[in-house]
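Here the structure comes first, spelled out in structure tokens, and everything after it is commentary.
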Amino acid sequence: MLDDATIAAIAEELAEADRTHGVIPRITARYPDATIEDSYAIQAVWRDRNIAAGRRLVGRKIGLTSKAMQQATGITEPDYGVMFDDTVYESGAEIPVDLFSNVRIEVELAFVLSQPLAGPDRTLGDALAAIDYAVPALEVLNSHIELEGRTIVDTISDNAAYGAMVLGSTQKRPDEIDLRWVPGVLSRNGEIEETGVSAGVLGHPATGVAWLANKLHQHGDRLEAGEVILAGSFTRPMWVSRGDLVHCDYGPMGTISCRFS
């Protein structure tokens, strides 16, 4: 376990990397005894400093929920991070690539909650009952820790590598569509790069919402009504660069596009 001073110092390193769009050495290379709870403590210090500075928390992201993502990262359990109001874009947006480090795109569904959801022992049924609607989303990954050799401790500390999300306009209640079978066809500059189906996320993308409520309970927190939950990618991450036009077709849930400038 790391002491409070070390946790605060790492949180400041990550905050500076976020400000400068830089990358820092792996935490686990420098502190091999750091635990998952240490990493969530680092993230919490970073989060609280951002809130104190005036940023508004609008939701959470769940990561590493599909086999595709676990195989791509070598990490075998889910994690979560926080999302602030200034990281949300609408489809068609132009996104400055210089805001991020190690920029990649993931294909996801997002859920907006109509009521709070608190653990422990929440189930998929509980999550579906708490969800107002689903909406297609792209997540922009933003990694401030060197990628080679990173572990879940590194990723969680870095706010689960969250950078931004791009939301589509098609909203569906959980009883309007079988959320397991929403497709994703992801293209870069007109060429299809990744495909997937939302059942790849824990068998049902809303399963992660229940997992998150239970995990937050361990940290003395809960999900609130109105929060947006990014449920996790059902494709591998796709690298993007300045000038790239990204498009994703979600079948019955419409499309999303954005350009990186």
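Labeling convention for the structure tokens: chains A, B, ... as they appear, residues from 1 per chain, ligands from 1 in order of appearance.
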
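Within 9 Å of A:Arg26, once only C-alpha atoms are used and residues closer than 6 positions along the same chain are dropped, the contacting residues are A:Ile145, A:Glu146, A:Leu147, A:Glu148, A:Gly149, A:Arg150, A:Thr151, A:Asp154.
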
(request) Find the residues near A:Glu176: any atom within 12 Å, counting only C-alpha atoms, skip ones fewer than 3 places away on the same chain, and give them as JSON, numbers by chain. (result) {"A": [128, 132, 133, 134, 170, 171, 172, 173, 179, 252, 253]}

(request) Determine which residues of stretch 16-261 of chain A DSSP labels as alpha helix (DSSP H) from the backbone of this structure, then write them out as a PyMOL selection string. (result) chain A and resi 16-20+27-30+36-52+67-73+124-130+152-157+207-218

Might you pull out every residue within 7 Å of stretch 33-44 of chain A, with only C-alpha atoms counted and same-chain residues fewer than 5 positions away left off, and present them as a PDB file with all heavy atoms, in the first residue's frame?
```pdb
ATOM      1  N   MET A   1       0.839  -1.196   0.000  1.00  0.00           N
ATOM      2  CA  MET A   1       0.000   0.000   0.000  1.00  0.00           C
ATOM      3  C   MET A   1       0.881   1.255   0.000  1.00  0.00           C
ATOM      4  O   MET A   1       1.898   1.317   0.680  1.00  0.00           O
ATOM      5  CB  MET A   1      -0.905   0.021   1.222  1.00  0.00           C
ATOM      6  CG  MET A   1      -1.919  -1.109   1.288  1.00  0.00           C
ATOM      7  SD  MET A   1      -3.263  -0.904   0.106  1.00  0.00           S
ATOM      8  CE  MET A   1      -4.159   0.460   0.850  1.00  0.00           C
ATOM      9  N   LEU A   2       0.470   2.258  -0.765  1.00  0.00           N
ATOM     10  CA  LEU A   2       1.200   3.518  -0.835  1.00  0.00           C
ATOM     11  C   LEU A   2       0.729   4.455   0.269  1.00  0.00           C
ATOM     12  O   LEU A   2      -0.450   4.452   0.655  1.00  0.00           O
ATOM     13  CB  LEU A   2       0.980   4.174  -2.196  1.00  0.00           C
ATOM     14  CG  LEU A   2       1.393   3.362  -3.422  1.00  0.00           C
ATOM     15  CD1 LEU A   2       1.092   4.136  -4.686  1.00  0.00           C
ATOM     16  CD2 LEU A   2       2.862   2.974  -3.361  1.00  0.00           C
ATOM     17  N   ILE A   7       0.627   8.909  -2.863  1.00  0.00           N
ATOM     18  CA  ILE A   7      -0.611   8.951  -3.652  1.00  0.00           C
ATOM     19  C   ILE A   7      -0.852  10.363  -4.178  1.00  0.00           C
ATOM     20  O   ILE A   7      -1.159  10.568  -5.360  1.00  0.00           O
ATOM     21  CB  ILE A   7      -1.792   8.458  -2.801  1.00  0.00           C
ATOM     22  CG1 ILE A   7      -1.704   6.930  -2.630  1.00  0.00           C
ATOM     23  CG2 ILE A   7      -3.134   8.863  -3.421  1.00  0.00           C
ATOM     24  CD1 ILE A   7      -2.665   6.365  -1.621  1.00  0.00           C
ATOM     25  N   ALA A   8      -0.688  11.363  -3.318  1.00  0.00           N
ATOM     26  CA  ALA A   8      -0.904  12.752  -3.735  1.00  0.00           C
ATOM     27  C   ALA A   8       0.125  13.178  -4.785  1.00  0.00           C
ATOM     28  O   ALA A   8      -0.209  13.895  -5.741  1.00  0.00           O
ATOM     29  CB  ALA A   8      -0.835  13.677  -2.528  1.00  0.00           C
ATOM     30  N   ILE A  10       1.697  11.245  -7.003  1.00  0.00           N
ATOM     31  CA  ILE A  10       1.393  10.605  -8.286  1.00  0.00           C
ATOM     32  C   ILE A  10       0.195  11.281  -8.937  1.00  0.00           C
ATOM     33  O   ILE A  10       0.179  11.510 -10.159  1.00  0.00           O
ATOM     34  CB  ILE A  10       1.131   9.104  -8.090  1.00  0.00           C
ATOM     35  CG1 ILE A  10       2.393   8.411  -7.582  1.00  0.00           C
ATOM     36  CG2 ILE A  10       0.667   8.472  -9.400  1.00  0.00           C
ATOM     37  CD1 ILE A  10       2.168   6.968  -7.154  1.00  0.00           C
ATOM     38  N   ALA A  11      -0.804  11.637  -8.131  1.00  0.00           N
ATOM     39  CA  ALA A  11      -1.969  12.342  -8.671  1.00  0.00           C
ATOM     40  C   ALA A  11      -1.556  13.663  -9.305  1.00  0.00           C
ATOM     41  O   ALA A  11      -2.075  14.050 -10.366  1.00  0.00           O
ATOM     42  CB  ALA A  11      -3.004  12.580  -7.571  1.00  0.00           C
ATOM     43  N   THR A  28       3.706   1.260 -11.837  1.00  0.00           N
ATOM     44  CA  THR A  28       4.069  -0.053 -11.302  1.00  0.00           C
ATOM     45  C   THR A  28       5.544  -0.369 -11.483  1.00  0.00           C
ATOM     46  O   THR A  28       6.074  -1.233 -10.786  1.00  0.00           O
ATOM     47  CB  THR A  28       3.213  -1.149 -11.963  1.00  0.00           C
ATOM     48  OG1 THR A  28       3.212  -0.976 -13.388  1.00  0.00           O
ATOM     49  CG2 THR A  28       1.783  -1.090 -11.459  1.00  0.00           C
ATOM     50  N   VAL A 153      -3.314  -1.346 -12.427  1.00  0.00           N
ATOM     51  CA  VAL A 153      -3.000  -0.293 -11.453  1.00  0.00           C
ATOM     52  C   VAL A 153      -2.637   1.003 -12.174  1.00  0.00           C
ATOM     53  O   VAL A 153      -3.089   2.096 -11.807  1.00  0.00           O
ATOM     54  CB  VAL A 153      -1.866  -0.754 -10.516  1.00  0.00           C
ATOM     55  CG1 VAL A 153      -1.333   0.413  -9.677  1.00  0.00           C
ATOM     56  CG2 VAL A 153      -2.352  -1.882  -9.608  1.00  0.00           C
ATOM     57  N   ILE A 156      -6.017   2.410 -13.973  1.00  0.00           N
ATOM     58  CA  ILE A 156      -6.990   3.019 -13.061  1.00  0.00           C
ATOM     59  C   ILE A 156      -6.468   4.358 -12.553  1.00  0.00           C
ATOM     60  O   ILE A 156      -7.214   5.344 -12.481  1.00  0.00           O
ATOM     61  CB  ILE A 156      -7.291   2.075 -11.889  1.00  0.00           C
ATOM     62  CG1 ILE A 156      -8.033   0.829 -12.376  1.00  0.00           C
ATOM     63  CG2 ILE A 156      -8.117   2.797 -10.815  1.00  0.00           C
ATOM     64  CD1 ILE A 156      -8.148  -0.275 -11.339  1.00  0.00           C
ATOM     65  N   SER A 157      -5.197   4.407 -12.180  1.00  0.00           N
ATOM     66  CA  SER A 157      -4.620   5.659 -11.673  1.00  0.00           C
ATOM     67  C   SER A 157      -4.795   6.789 -12.677  1.00  0.00           C
ATOM     68  O   SER A 157      -5.019   7.954 -12.298  1.00  0.00           O
ATOM     69  CB  SER A 157      -3.131   5.469 -11.376  1.00  0.00           C
ATOM     70  OG  SER A 157      -2.915   4.458 -10.424  1.00  0.00           O
ATOM     71  N   ASP A 158      -4.728   6.448 -13.954  1.00  0.00           N
ATOM     72  CA  ASP A 158      -4.826   7.411 -15.055  1.00  0.00           C
ATOM     73  C   ASP A 158      -6.286   7.610 -15.479  1.00  0.00           C
ATOM     74  O   ASP A 158      -6.583   7.788 -16.659  1.00  0.00           O
ATOM     75  CB  ASP A 158      -3.980   6.906 -16.228  1.00  0.00           C
ATOM     76  CG  ASP A 158      -3.757   7.956 -17.292  1.00  0.00           C
ATOM     77  OD1 ASP A 158      -3.885   9.164 -16.996  1.00  0.00           O
ATOM     78  OD2 ASP A 158      -3.455   7.570 -18.441  1.00  0.00           O
ATOM     79  N   ASN A 159      -7.194   7.563 -14.514  1.00  0.00           N
ATOM     80  CA  ASN A 159      -8.633   7.743 -14.764  1.00  0.00           C
ATOM     81  C   ASN A 159      -9.143   6.789 -15.838  1.00  0.00           C
ATOM     82  O   ASN A 159      -9.962   7.150 -16.696  1.00  0.00           O
ATOM     83  CB  ASN A 159      -8.962   9.192 -15.151  1.00  0.00           C
ATOM     84  CG  ASN A 159     -10.451   9.497 -15.051  1.00  0.00           C
ATOM     85  OD1 ASN A 159     -11.149   8.968 -14.189  1.00  0.00           O
ATOM     86  ND2 ASN A 159     -10.950  10.341 -15.945  1.00  0.00           N
TER      87      ASN A 159
END
```

(request) Give me the residues within 12 Å of A:Asn50 as a PyMOL selection string, counting only C-alpha atoms and dropping any in the same chain fewer than 6 places off. (result) chain A and resi 11-12+14-15+18-19+43-44+56-57+82-86+159

(request) Do a neighbour search on stretch 96-110 of chain A at 7 Å with only C-alpha atoms, toss out local chain neighbours closer than 3 positions, and write the hits as a VMD selection string. (result) chain A and resid 21 to 22 134 to 144 163 184 228 to 242 260 to 261

Can you write just those residues out, N, CA, C and O atoms, as a short mmCIF file (atom, residue, chain, number, x, y, z; two decimals), in the first residue's frame?
```cif
data_model
loop_
_atom_site.label_atom_id
_atom_site.label_comp_id
_atom_site.auth_asym_id
_atom_site.auth_seq_id
_atom_site.Cartn_x
_atom_site.Cartn_y
_atom_site.Cartn_z
N HIS A 21 -0.34 17.27 -21.87
CA HIS A 21 -0.59 16.20 -22.85
C HIS A 21 0.66 15.33 -23.00
O HIS A 21 1.02 14.93 -24.11
N GLY A 22 1.27 15.04 -21.87
CA GLY A 22 2.48 14.24 -21.85
C GLY A 22 2.23 12.83 -21.34
O GLY A 22 1.10 12.42 -21.08
N ALA A 134 -30.61 4.33 -23.51
CA ALA A 134 -29.29 4.06 -24.06
C ALA A 134 -29.06 4.96 -25.26
O ALA A 134 -30.00 5.34 -25.96
N VAL A 135 -27.81 5.29 -25.52
CA VAL A 135 -27.43 6.12 -26.66
C VAL A 135 -26.07 5.64 -27.16
O VAL A 135 -25.23 5.22 -26.37
N PRO A 136 -25.84 5.62 -28.47
CA PRO A 136 -24.53 5.20 -28.96
C PRO A 136 -23.46 6.23 -28.59
O PRO A 136 -23.75 7.43 -28.48
N ALA A 137 -22.24 5.75 -28.44
CA ALA A 137 -21.16 6.64 -28.01
C ALA A 137 -19.82 6.14 -28.54
O ALA A 137 -19.60 4.94 -28.70
N LEU A 138 -18.94 7.08 -28.80
CA LEU A 138 -17.53 6.79 -29.03
C LEU A 138 -16.75 7.33 -27.84
O LEU A 138 -17.02 8.43 -27.36
N GLU A 139 -15.79 6.55 -27.39
CA GLU A 139 -14.90 7.03 -26.34
C GLU A 139 -13.55 7.37 -26.94
O GLU A 139 -13.00 6.60 -27.73
N VAL A 140 -13.01 8.52 -26.56
CA VAL A 140 -11.66 8.92 -26.93
C VAL A 140 -10.74 8.56 -25.77
O VAL A 140 -10.88 9.08 -24.67
N LEU A 141 -9.81 7.64 -26.03
CA LEU A 141 -8.86 7.25 -24.99
C LEU A 141 -7.73 8.26 -24.91
O LEU A 141 -7.30 8.84 -25.91
N ASN A 142 -7.23 8.44 -23.68
CA ASN A 142 -6.25 9.47 -23.38
C ASN A 142 -5.31 8.89 -22.33
O ASN A 142 -5.62 8.92 -21.14
N SER A 143 -4.19 8.33 -22.74
CA SER A 143 -3.31 7.61 -21.82
C SER A 143 -2.08 8.43 -21.49
O SER A 143 -1.28 8.73 -22.38
N HIS A 144 -1.92 8.75 -20.21
CA HIS A 144 -0.78 9.55 -19.77
C HIS A 144 0.34 8.72 -19.18
O HIS A 144 1.31 9.26 -18.65
N GLY A 163 -10.58 10.08 -22.01
CA GLY A 163 -10.29 11.42 -22.50
C GLY A 163 -11.54 12.22 -22.81
O GLY A 163 -11.70 13.36 -22.37
N GLY A 184 -21.67 -2.42 -34.16
CA GLY A 184 -20.78 -1.28 -34.33
C GLY A 184 -19.84 -1.53 -35.49
O GLY A 184 -19.12 -2.53 -35.49
N VAL A 228 -24.32 9.78 -16.79
CA VAL A 228 -24.07 9.05 -18.02
C VAL A 228 -23.02 7.98 -17.73
O VAL A 228 -21.96 8.29 -17.18
N ILE A 229 -23.33 6.75 -18.11
CA ILE A 229 -22.40 5.64 -17.88
C ILE A 229 -21.95 5.08 -19.22
O ILE A 229 -22.77 4.56 -19.99
N LEU A 230 -20.67 5.20 -19.52
CA LEU A 230 -20.09 4.54 -20.70
C LEU A 230 -19.84 3.08 -20.34
O LEU A 230 -19.08 2.79 -19.41
N ALA A 231 -20.45 2.16 -21.09
CA ALA A 231 -20.53 0.78 -20.64
C ALA A 231 -19.32 -0.07 -21.02
O ALA A 231 -19.21 -1.20 -20.56
N GLY A 232 -18.42 0.43 -21.84
CA GLY A 232 -17.26 -0.36 -22.25
C GLY A 232 -17.31 -0.70 -23.72
O GLY A 232 -18.38 -0.87 -24.32
N SER A 233 -16.13 -0.84 -24.31
CA SER A 233 -16.04 -1.02 -25.76
C SER A 233 -16.29 -2.46 -26.18
O SER A 233 -15.87 -3.40 -25.52
N PHE A 234 -16.97 -2.60 -27.33
CA PHE A 234 -17.12 -3.93 -27.91
C PHE A 234 -16.33 -4.09 -29.20
O PHE A 234 -16.58 -4.98 -30.01
N THR A 235 -15.36 -3.20 -29.40
CA THR A 235 -14.33 -3.39 -30.42
C THR A 235 -12.96 -3.10 -29.80
O THR A 235 -12.88 -2.54 -28.70
N ARG A 236 -11.92 -3.47 -30.51
CA ARG A 236 -10.58 -3.07 -30.09
C ARG A 236 -10.42 -1.57 -30.31
O ARG A 236 -11.10 -0.98 -31.16
N PRO A 237 -9.53 -0.93 -29.57
CA PRO A 237 -9.31 0.51 -29.79
C PRO A 237 -8.66 0.76 -31.14
O PRO A 237 -7.83 -0.02 -31.61
N MET A 238 -9.06 1.86 -31.78
CA MET A 238 -8.51 2.25 -33.08
C MET A 238 -7.71 3.54 -32.92
O MET A 238 -8.20 4.53 -32.39
N TRP A 239 -6.46 3.53 -33.37
CA TRP A 239 -5.62 4.72 -33.29
C TRP A 239 -6.12 5.79 -34.26
O TRP A 239 -6.57 5.46 -35.37
N VAL A 240 -6.05 7.04 -33.84
CA VAL A 240 -6.42 8.15 -34.71
C VAL A 240 -5.34 9.22 -34.66
O VAL A 240 -4.60 9.33 -33.67
N SER A 241 -5.27 10.01 -35.73
CA SER A 241 -4.30 11.09 -35.86
C SER A 241 -4.99 12.34 -36.37
O SER A 241 -6.16 12.30 -36.79
N ARG A 242 -4.27 13.45 -36.36
CA ARG A 242 -4.82 14.70 -36.87
C ARG A 242 -5.28 14.53 -38.32
O ARG A 242 -4.59 13.95 -39.15
N PHE A 260 -10.82 14.66 -36.21
CA PHE A 260 -9.74 15.09 -35.33
C PHE A 260 -8.88 16.13 -36.05
O PHE A 260 -8.40 15.90 -37.15
N SER A 261 -8.76 17.28 -35.42
CA SER A 261 -8.07 18.41 -36.05
C SER A 261 -6.78 18.75 -35.30
O SER A 261 -6.53 18.25 -34.21
#
```

(request) Going by DSSP on the backbone, which bits of stretch 33-174 of chain A are strand (DSSP E)? Write them as a PyMOL selection string, please. (result) chain A and resi 57-63+79-84+88-90+94-95+104-113+131-141+162-167

(request) Could you tell me which of A:Ile62, A:Gln115, A:Gly54, A:His217 comes closest to A:Glu77 if we count only C-alpha atoms? (result) A:Ile62

(request) Identify which of the residues A:Leu212, A:Val182, A:Val58, A:Ile51 lies closest to A:Ala199, counting only C-alpha atoms when measuring atom-to-atom distances. (result) A:Val182

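One distance worth recording is that between atom CA of A:Asn189 and atom CA of A:Gly63, which is 25.7 Å.
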
(request) Work out how far apart atom CA of A:Glu191 and atom CA of A:Val166 are and give it in Å to one decimal. (result)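 We find that atom CA of A:Glu191 and atom CA of A:Val166 lie 19.6 Å from each other.
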
(message) Applying 9 Å and only C-alpha atoms, which residues near A:Ala130 remain after dropping the ones on its own chain fewer than 4 positions away? List them as a PyMOL selection string.
(response) chain A and resi 112-117+125-126+225

(request) Do a neighbour search on A:Lys215 at 12 Å with only C-alpha atoms, toss out local chain neighbours closer than 3 positions, and write the hits as JSON, numbers by chain. (result) {"A": [37, 40, 62, 78, 79, 80, 81, 117, 118, 119, 120, 121, 122, 208, 209, 210, 211, 212, 218, 219, 220, 221, 222, 223]}

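Residue nearest A:Val201, chosen from A:Leu64, A:Leu124, A:Ala17, A:Val23 and counting only C-alpha atoms: A:Leu64.
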